[in-house]
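Have a look at the structure below before the remarks.
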Amino acid sequence: MTRSGKKQLSPEDRDLWRRVAETAIPLDPDPRRRDPHDRDPHGPKPALPEKPRHRPQIRRFQIGQNAAPPAPRHDLAPSLHDDLAGGPVKMDRGRFDRLRRGKLEPEARIDLHGMTLQRAQPALTGFVMKAHAGGKRLVLVITGKGRNGPDDGPIPQRRGLLRHQVPQWLSSPPLGGLVLQVAVAHRRHGGTGAYYVYLRRHR
């Protein structure tokens with residue numbers, strides 16, 4: 001016992017306390033002795049290193065390269081104008097050139113515009129046979145250009161059924177043997193809404 005009445009620690013107790021104290025972590029360590037690598041999670045965050053600035057690379061481009069590709073087409077057949085223009089010339093070449101320029105005047109004409117296919121075919125057959133029997137060489141068949149429907153839908157529709165059908169009738173019996181040449185009319189005679197039909201000589 002000491003004079004203060006407190007019990008002194010034995011050497012064994014002091015050694016044990018020293019070893020326990022060495023394992024303890026202080027709540028507020030002295031900043032002068034703090035490890036510089038230790039960071040306070042509640043303190044200000046260090047500034048991030050500034051990234052080097054560089055100009056963005058601009059790739060070369062062509063006008064329209066990002067445009068949407070054209071929609072697939074559903075062409076039913078080449079245009080009649082191209083089909084007839086690319087066909088062989090069976091009549092005299094000089095007269096054919098004058099025919100295409102509208103320099104030859106038709107000797108007779110028939111207007112099928114507005115007729116149904118059932119009415120138009122016999123009317124055309126009778127007209128051509130009568131013109132051939134009468135010795136006529138050039139006649140005009142008017143079909144009209146046809147009208148655009150409000151909506152073709154997913155399945156394309158032909159514009160102008162008569163305009164597409166008449167050349168087939170003129171090349172098939174009984175008219176095929178009477179017709180020498182078929183050509184799209186000049187604009188002064190109806191353009192793409194009419195045909196020149198040049199007949200063979202009547203025997």
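By convention in this document, the chains of the structure tokens carry letters A, B, ... by their order, each chain's residues are numbered from 1, and ligands are numbered from 1 in the order they are shown.
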
*Give me the residues within 9 Å of segment 165-180 of chain A as a list in words, counting only C-alpha atoms and dropping any in the same chain fewer than 4 places off.*
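Near segment 165-180 of chain A, the qualifying residues are Leu80, Lys90, Met91, Leu117, Ala120, Gln121, Leu124, Thr125, Val128, Met129, His132, Val141, Thr143, Gly160, Leu161, Tyr195, Val197, Tyr198, Leu199, Arg200, Arg201 and His202 of chain A.
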
Output for the residues just chosen: N, CA and C atoms as a PDB file, in the first residue's frame:
ATOM      1  N   LEU A  80     -43.927   0.137-121.199  1.00  0.00           N
ATOM      2  CA  LEU A  80     -44.301  -0.185-122.573  1.00  0.00           C
ATOM      3  C   LEU A  80     -43.524   0.669-123.565  1.00  0.00           C
ATOM      4  N   LYS A  90     -39.997  -3.309-138.239  1.00  0.00           N
ATOM      5  CA  LYS A  90     -40.396  -4.185-139.334  1.00  0.00           C
ATOM      6  C   LYS A  90     -40.849  -3.406-140.569  1.00  0.00           C
ATOM      7  N   MET A  91     -41.241  -2.167-140.382  1.00  0.00           N
ATOM      8  CA  MET A  91     -41.690  -1.344-141.500  1.00  0.00           C
ATOM      9  C   MET A  91     -40.506  -0.571-142.072  1.00  0.00           C
ATOM     10  N   LEU A 117     -62.283  -4.408-120.360  1.00  0.00           N
ATOM     11  CA  LEU A 117     -61.519  -5.310-121.229  1.00  0.00           C
ATOM     12  C   LEU A 117     -62.453  -6.163-122.085  1.00  0.00           C
ATOM     13  N   ALA A 120     -63.618  -3.851-124.851  1.00  0.00           N
ATOM     14  CA  ALA A 120     -62.565  -3.269-125.674  1.00  0.00           C
ATOM     15  C   ALA A 120     -61.991  -4.259-126.675  1.00  0.00           C
ATOM     16  N   GLN A 121     -61.833  -5.518-126.286  1.00  0.00           N
ATOM     17  CA  GLN A 121     -61.183  -6.471-127.200  1.00  0.00           C
ATOM     18  C   GLN A 121     -61.990  -6.695-128.482  1.00  0.00           C
ATOM     19  N   LEU A 124     -61.803  -3.519-130.644  1.00  0.00           N
ATOM     20  CA  LEU A 124     -60.517  -3.357-131.311  1.00  0.00           C
ATOM     21  C   LEU A 124     -60.367  -4.332-132.465  1.00  0.00           C
ATOM     22  N   THR A 125     -60.768  -5.574-132.253  1.00  0.00           N
ATOM     23  CA  THR A 125     -60.646  -6.588-133.310  1.00  0.00           C
ATOM     24  C   THR A 125     -61.454  -6.181-134.543  1.00  0.00           C
ATOM     25  N   VAL A 128     -59.774  -3.038-136.379  1.00  0.00           N
ATOM     26  CA  VAL A 128     -58.547  -3.310-137.124  1.00  0.00           C
ATOM     27  C   VAL A 128     -58.844  -4.140-138.369  1.00  0.00           C
ATOM     28  N   MET A 129     -59.693  -5.126-138.251  1.00  0.00           N
ATOM     29  CA  MET A 129     -60.013  -5.968-139.409  1.00  0.00           C
ATOM     30  C   MET A 129     -60.711  -5.154-140.496  1.00  0.00           C
ATOM     31  N   HIS A 132     -58.058  -2.850-142.161  1.00  0.00           N
ATOM     32  CA  HIS A 132     -57.180  -3.619-143.047  1.00  0.00           C
ATOM     33  C   HIS A 132     -57.904  -3.982-144.336  1.00  0.00           C
ATOM     34  N   VAL A 141     -54.975   3.870-132.109  1.00  0.00           N
ATOM     35  CA  VAL A 141     -55.776   3.227-131.057  1.00  0.00           C
ATOM     36  C   VAL A 141     -55.543   4.003-129.764  1.00  0.00           C
ATOM     37  N   THR A 143     -56.070   4.451-125.838  1.00  0.00           N
ATOM     38  CA  THR A 143     -56.368   3.644-124.651  1.00  0.00           C
ATOM     39  C   THR A 143     -56.508   4.482-123.392  1.00  0.00           C
ATOM     40  N   GLY A 160     -53.493   1.446-115.862  1.00  0.00           N
ATOM     41  CA  GLY A 160     -53.957   1.430-117.243  1.00  0.00           C
ATOM     42  C   GLY A 160     -53.971   0.026-117.816  1.00  0.00           C
ATOM     43  N   LEU A 161     -55.009  -0.731-117.483  1.00  0.00           N
ATOM     44  CA  LEU A 161     -55.083  -2.112-117.981  1.00  0.00           C
ATOM     45  C   LEU A 161     -55.152  -2.152-119.502  1.00  0.00           C
ATOM     46  N   TYR A 195     -51.616   4.396-129.332  1.00  0.00           N
ATOM     47  CA  TYR A 195     -50.671   3.613-130.127  1.00  0.00           C
ATOM     48  C   TYR A 195     -50.894   3.859-131.607  1.00  0.00           C
ATOM     49  N   VAL A 197     -50.745   2.005-135.022  1.00  0.00           N
ATOM     50  CA  VAL A 197     -50.785   0.614-135.510  1.00  0.00           C
ATOM     51  C   VAL A 197     -50.632   0.681-137.036  1.00  0.00           C
ATOM     52  N   TYR A 198     -49.486   0.178-137.494  1.00  0.00           N
ATOM     53  CA  TYR A 198     -49.196   0.192-138.923  1.00  0.00           C
ATOM     54  C   TYR A 198     -49.531  -1.192-139.491  1.00  0.00           C
ATOM     55  N   LEU A 199     -50.470  -1.224-140.448  1.00  0.00           N
ATOM     56  CA  LEU A 199     -51.010  -2.496-140.937  1.00  0.00           C
ATOM     57  C   LEU A 199     -50.258  -2.961-142.183  1.00  0.00           C
ATOM     58  N   ARG A 200     -50.311  -4.250-142.407  1.00  0.00           N
ATOM     59  CA  ARG A 200     -49.731  -4.834-143.613  1.00  0.00           C
ATOM     60  C   ARG A 200     -50.626  -4.483-144.807  1.00  0.00           C
ATOM     61  N   ARG A 201     -50.056  -4.614-145.968  1.00  0.00           N
ATOM     62  CA  ARG A 201     -50.845  -4.342-147.174  1.00  0.00           C
ATOM     63  C   ARG A 201     -51.928  -5.405-147.327  1.00  0.00           C
ATOM     64  N   HIS A 202     -53.074  -4.936-147.763  1.00  0.00           N
ATOM     65  CA  HIS A 202     -54.197  -5.864-147.989  1.00  0.00           C
ATOM     66  C   HIS A 202     -53.972  -6.560-149.336  1.00  0.00           C
TER      67      HIS A 202
END

Using only C-alpha atoms, which residues sit within 8 Å of Arg101 of chain A once same-chain residues fewer than 3 positions away are excluded, as a PDB file with C-alpha atoms, in the first residue's frame?
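The new file result06.pdb reads:
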ATOM      1  CA  ASP A  97     -38.824   7.672-138.112  1.00  0.00           C
ATOM      2  CA  ARG A  98     -41.526   9.991-139.478  1.00  0.00           C
ATOM      3  CA  HIS A 186     -46.408  11.068-130.566  1.00  0.00           C
TER       4      HIS A 186
END

*List every residue of segment 95-141 of chain A that DSSP, applied to the backbone of this structure, places in alpha helix (DSSP H), and write the result as a ChimeraX atom specification.*
/A:95-100,117-133

Could you dump the residues just selected with C-alpha atoms as a short mmCIF file (atom, residue, chain, number, x, y, z; two decimals), in the first residue's frame?
data_model
loop_
_atom_site.label_atom_id
_atom_site.label_comp_id
_atom_site.auth_asym_id
_atom_site.auth_seq_id
_atom_site.Cartn_x
_atom_site.Cartn_y
_atom_site.Cartn_z
CA ARG A 95 -41.49 5.97 -142.53
CA PHE A 96 -40.95 4.64 -139.01
CA ASP A 97 -38.82 7.67 -138.11
CA ARG A 98 -41.53 9.99 -139.48
CA LEU A 99 -44.12 7.96 -137.56
CA ARG A 100 -42.34 8.42 -134.23
CA LEU A 117 -61.52 -5.31 -121.23
CA GLN A 118 -64.53 -7.42 -122.25
CA ARG A 119 -65.90 -4.60 -124.42
CA ALA A 120 -62.56 -3.27 -125.67
CA GLN A 121 -61.18 -6.47 -127.20
CA PRO A 122 -64.01 -7.17 -129.66
CA ALA A 123 -64.25 -3.45 -130.51
CA LEU A 124 -60.52 -3.36 -131.31
CA THR A 125 -60.65 -6.59 -133.31
CA GLY A 126 -63.53 -5.38 -135.47
CA PHE A 127 -61.92 -1.96 -136.01
CA VAL A 128 -58.55 -3.31 -137.12
CA MET A 129 -60.01 -5.97 -139.41
CA LYS A 130 -62.28 -3.40 -141.07
CA ALA A 131 -59.39 -0.93 -141.50
CA HIS A 132 -57.18 -3.62 -143.05
CA ALA A 133 -59.93 -4.77 -145.39
#

*One decimal, Å: what's the distance from atom CA of Arg137 of chain A over to atom CA of Met115 of chain A, could you say?*
24.7 Å

_Given only C-alpha atoms as the basis, pick out the residue of A:Tyr196, A:Ile63, A:Ile58, A:Val139 nearest to Arg109 of chain A._
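Of all the options, A:Val139 lies closest to Arg109 of chain A.
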
*Measure the distance from atom CA of Ala108 of chain A to atom CA of Gly190 of chain A in Å and round it to one decimal.*
14.1 Å
